[in-house]
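Presented below is the structure to which this report refers.
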Amino acid sequence: MSYIVEQKIKGRIYLYKVDSYWDKDKKQARQKRTYIGPKDAKRKPSIKQIHSNIIHKSYGNIFLLNWIINKIGLYDIVKESFPNQYAELIALAFYEIIEASPLYLFPYWHEEHYLPNTNKMDSSAISKFCDEIGRNQHQRIEFQEQWIAHLQPVDALYYDITSISSYSTNIEFIEWGYNRDNENLAQLNMGVVFCNNKSLPIFYTLYPGSIVDVTTLKNCVTYLKSFGLNEFMFILDRGFFSTANISEMDKHQENISFIQPLPFSLNKVKELIKTHKKELNDIGSNFTFNNELLSHVKSEIQFNEQSYSSHIFLNEKAELDQRQLFMKKLIDIENNIIKNRLFSSLKEARIFKEDNIIKAYQNFFKWSRSSGMLERNIITIKAKISKFGYFILSTNRDDLDKETILANYRNKDQVEKIFDLLKNEMDGDRLRVHSQFNADARLFINFLALIVQSEIIKIMRAEKLFKKYTMRELIAELRKIKLTKYNDEVIISEISKKQRKIFEAFKIDLEELHRY
């Protein structure tokens, strides 16, 4: 940073230009004075000229994100796949992580941050840029192939789908369907595959909003195999269960294994629990997992005349807790909503239930013709309670013990956290675009941002940084680090104790801050 000082010598005032700079040897800020001349009307320096070459930008947060994308190899892959647009793609991904605001505000953010190799883009230029990225499907596919190849070998893969709502009527994938956020809006669906051993998203794909989860698995497996993943284990959510999906994965039994939770709606599942209930309640079946007391029985279940291992688990504490919460809610509805109301007909009682009782609890009350009131439906209540605490994981692997299968399944919440990042930490809860190409580009940028954030979260969790910061707070703290550039001199602002501790947690040498 440069400024002018006046110094009085023997009654006359002389002017000096002061330049601040970083002394790498002494590791401290220094100053250099340059004599301008005496202060008089004929030789008055131009302040505008002195400051015309000064750059003063936010730097610490950008430095961390650049360090991350180089660490995980993402930078080189984006650059190779998009040789003419990589800098802008990365900058837009950084913007999603840091700012989480609509893209039309990107130019103002860009002006404040040190991104020397990135072209300035106004709202119109961003729209054209996204349209170009959206049209270049082959480049996005090339990126997916290279990213998957870079992350191999992989072990377990987690697959899940989220809904992204939109008001747009010009995007072909925006359709009405099951909205996971319970919004009365059309949507598209985004499926993400997460790699367990790298703790990073490995693949994504888009589906029309009306497509149900269970039908997407076959094509997802095909995509992954075509991109070079020939051997992996799929860990799925209960919503992906179907006998067709089980058979599809079983076709590739030598290469693809799976862990699939089974839905309680299946008679076979109800029968399994009934058959092994006594055994599960025996202390001989108890074991501990992460300080949690569980019971376990291994059995078999058949689908399409093929047998699969089924691991039945019971958590008695969860069973009791779930029962208490459920019954308290039913009693609360009885005391505060039903209140001994009389109904003259089944139709009248049904309309009252639909208007006054949460949909999830309507089936647990029935109209009694004799009393004219809503009463507990004992049959549906018992059926609900009988499921509490139990879960069954089916697999085509016979070599998985209870601890291994449980550990793999419990880690699937990493995908749910990814979706939470997309919707709550970035501007991903609404799709504000007016064409399919722009939608494709925006979601690709979001995917790049998810990769970077996943790596940050992995390090923060390992170094216990979440005890002091959220991810957004950590990045905001580093944003205070500024870069000042005057002609050929570059100065990095002083590093605070908090910032130093963050860099130490990320194993970043402070000298790297001076590699611009």
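Just so we're on the same page: first chain in the structure tokens is A, next is B, and so on; residues restart at 1 for each chain, and ligands are numbered from 1 in the order they show up.
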Please provide as a CSV table (one decimal) with N, CA, C and O atoms, in the first residue's frame all residues within 12 Å of stretch 226-228 of chain A, with the sequence filter that same-chain residues fewer than 5 positions apart are discarded (counting only C-alpha atoms).
chain,number,residue,atom,x,y,z
A,141,ILE,N,-19.0,-34.6,-19.5
A,141,ILE,CA,-18.8,-36.0,-19.4
A,141,ILE,C,-17.3,-36.4,-19.3
A,141,ILE,O,-16.9,-37.2,-18.5
A,142,GLU,N,-16.5,-35.6,-20.1
A,142,GLU,CA,-15.0,-35.9,-20.0
A,142,GLU,C,-14.6,-35.6,-18.6
A,142,GLU,O,-13.7,-36.3,-18.0
A,143,PHE,N,-15.1,-34.5,-18.0
A,143,PHE,CA,-14.7,-34.2,-16.6
A,143,PHE,C,-15.1,-35.4,-15.7
A,143,PHE,O,-14.3,-35.8,-14.8
A,144,GLN,N,-16.3,-35.9,-15.8
A,144,GLN,CA,-16.8,-37.0,-15.0
A,144,GLN,C,-15.9,-38.2,-15.1
A,144,GLN,O,-15.5,-38.8,-14.1
A,145,GLU,N,-15.5,-38.5,-16.3
A,145,GLU,CA,-14.6,-39.7,-16.6
A,145,GLU,C,-13.3,-39.4,-15.9
A,145,GLU,O,-12.7,-40.4,-15.2
A,146,GLN,N,-12.7,-38.3,-16.0
A,146,GLN,CA,-11.4,-38.0,-15.5
A,146,GLN,C,-11.4,-37.9,-13.9
A,146,GLN,O,-10.5,-38.4,-13.3
A,147,TRP,N,-12.5,-37.4,-13.4
A,147,TRP,CA,-12.6,-37.3,-11.9
A,147,TRP,C,-12.8,-38.7,-11.3
A,147,TRP,O,-12.1,-39.0,-10.3
A,148,ILE,N,-13.6,-39.5,-11.9
A,148,ILE,CA,-13.7,-40.9,-11.4
A,148,ILE,C,-12.4,-41.6,-11.5
A,148,ILE,O,-12.0,-42.4,-10.6
A,149,ALA,N,-11.7,-41.5,-12.7
A,149,ALA,CA,-10.4,-42.2,-12.8
A,149,ALA,C,-9.4,-41.7,-11.8
A,149,ALA,O,-8.7,-42.5,-11.2
A,150,HIS,N,-9.5,-40.4,-11.5
A,150,HIS,CA,-8.6,-39.8,-10.5
A,150,HIS,C,-8.8,-40.4,-9.1
A,150,HIS,O,-7.8,-40.6,-8.3
A,151,LEU,N,-10.1,-40.6,-8.7
A,151,LEU,CA,-10.4,-41.1,-7.4
A,151,LEU,C,-10.2,-42.6,-7.2
A,151,LEU,O,-10.3,-43.1,-6.0
A,152,GLN,N,-10.1,-43.3,-8.2
A,152,GLN,CA,-9.9,-44.8,-8.1
A,152,GLN,C,-8.6,-45.1,-7.4
A,152,GLN,O,-7.6,-44.4,-7.5
A,153,PRO,N,-8.6,-46.2,-6.6
A,153,PRO,CA,-9.7,-47.2,-6.4
A,153,PRO,C,-10.7,-46.7,-5.4
A,153,PRO,O,-10.3,-46.0,-4.4
A,154,VAL,N,-11.9,-47.1,-5.5
A,154,VAL,CA,-13.0,-46.8,-4.6
A,154,VAL,C,-13.5,-48.0,-3.9
A,154,VAL,O,-13.3,-49.1,-4.4
A,202,ILE,N,-18.4,-38.3,-6.3
A,202,ILE,CA,-17.7,-38.8,-7.4
A,202,ILE,C,-18.4,-38.7,-8.7
A,202,ILE,O,-17.8,-38.7,-9.8
A,203,PHE,N,-19.7,-38.5,-8.6
A,203,PHE,CA,-20.6,-38.5,-9.8
A,203,PHE,C,-21.9,-37.9,-9.5
A,203,PHE,O,-22.4,-38.0,-8.4
A,219,ASN,N,-29.8,-47.1,-14.5
A,219,ASN,CA,-29.0,-46.2,-15.3
A,219,ASN,C,-27.8,-45.7,-14.6
A,219,ASN,O,-26.7,-45.5,-15.2
A,220,CYS,N,-27.9,-45.5,-13.3
A,220,CYS,CA,-26.8,-45.0,-12.5
A,220,CYS,C,-25.6,-46.1,-12.5
A,220,CYS,O,-24.5,-45.7,-12.7
A,221,VAL,N,-26.0,-47.3,-12.3
A,221,VAL,CA,-25.0,-48.4,-12.4
A,221,VAL,C,-24.3,-48.4,-13.8
A,221,VAL,O,-23.1,-48.6,-13.9
task: Any chance you could list, as number ranges by chain, the residues in stretch 103-295 of chain A that come up strand (DSSP E) when DSSP is run on the backbone?
output: A: 156-165, 187-195, 200-208, 232-235, 256-261, 286-289, 292-295
task: May I have the residues within 9 Å of A:Tyr204 as a ChimeraX atom specification, using only C-alpha atoms and disregarding those fewer than 4 positions away in the same chain?
output: /A:144,190-194,444,447
Taking only C-alpha atoms into account, produce a table as CSV in which each residue of stretch 198-282 of chain A with an atom at most 12 Å from an atom of stretch 61-80 of chain A appears once, together with its shortest atom pair and the distance in Å to one decimal, ordered by chain and rising number.
residue,atom,partner,partner_atom,distance
A:Lys198,CA,A:Ile72,CA,9.7
A:Ser199,CA,A:Ile72,CA,11.2
A:Leu200,CA,A:Ile72,CA,9.6
A:Pro201,CA,A:Leu74,CA,11.7
A:Ile202,CA,A:Leu74,CA,11.4
Go ahead and save the picked residues with C-alpha atoms, as a tab-separated table (two decimals), in the first residue's frame.
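This went into selection_0.tsv:
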chain	number	residue	atom	x	y	z
A	198	LYS	CA	-12.10	-40.47	-0.35
A	199	SER	CA	-15.08	-38.75	1.37
A	200	LEU	CA	-15.81	-36.89	-1.87
A	201	PRO	CA	-18.66	-36.75	-4.39
A	202	ILE	CA	-17.65	-38.85	-7.39
- request: Between A:Leu272, A:Leu157, A:Val214, A:Ile338, single out the one closest to A:Ser242, counting only C-alpha atoms.
  value: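 Closest residue, counting only C-alpha atoms: A:Val214.
If only C-alpha atoms are the atoms counted, then among A:Asp321, A:Ile351, A:Phe506, A:Leu513 the closest residue to A:Glu455 is A:Phe506.
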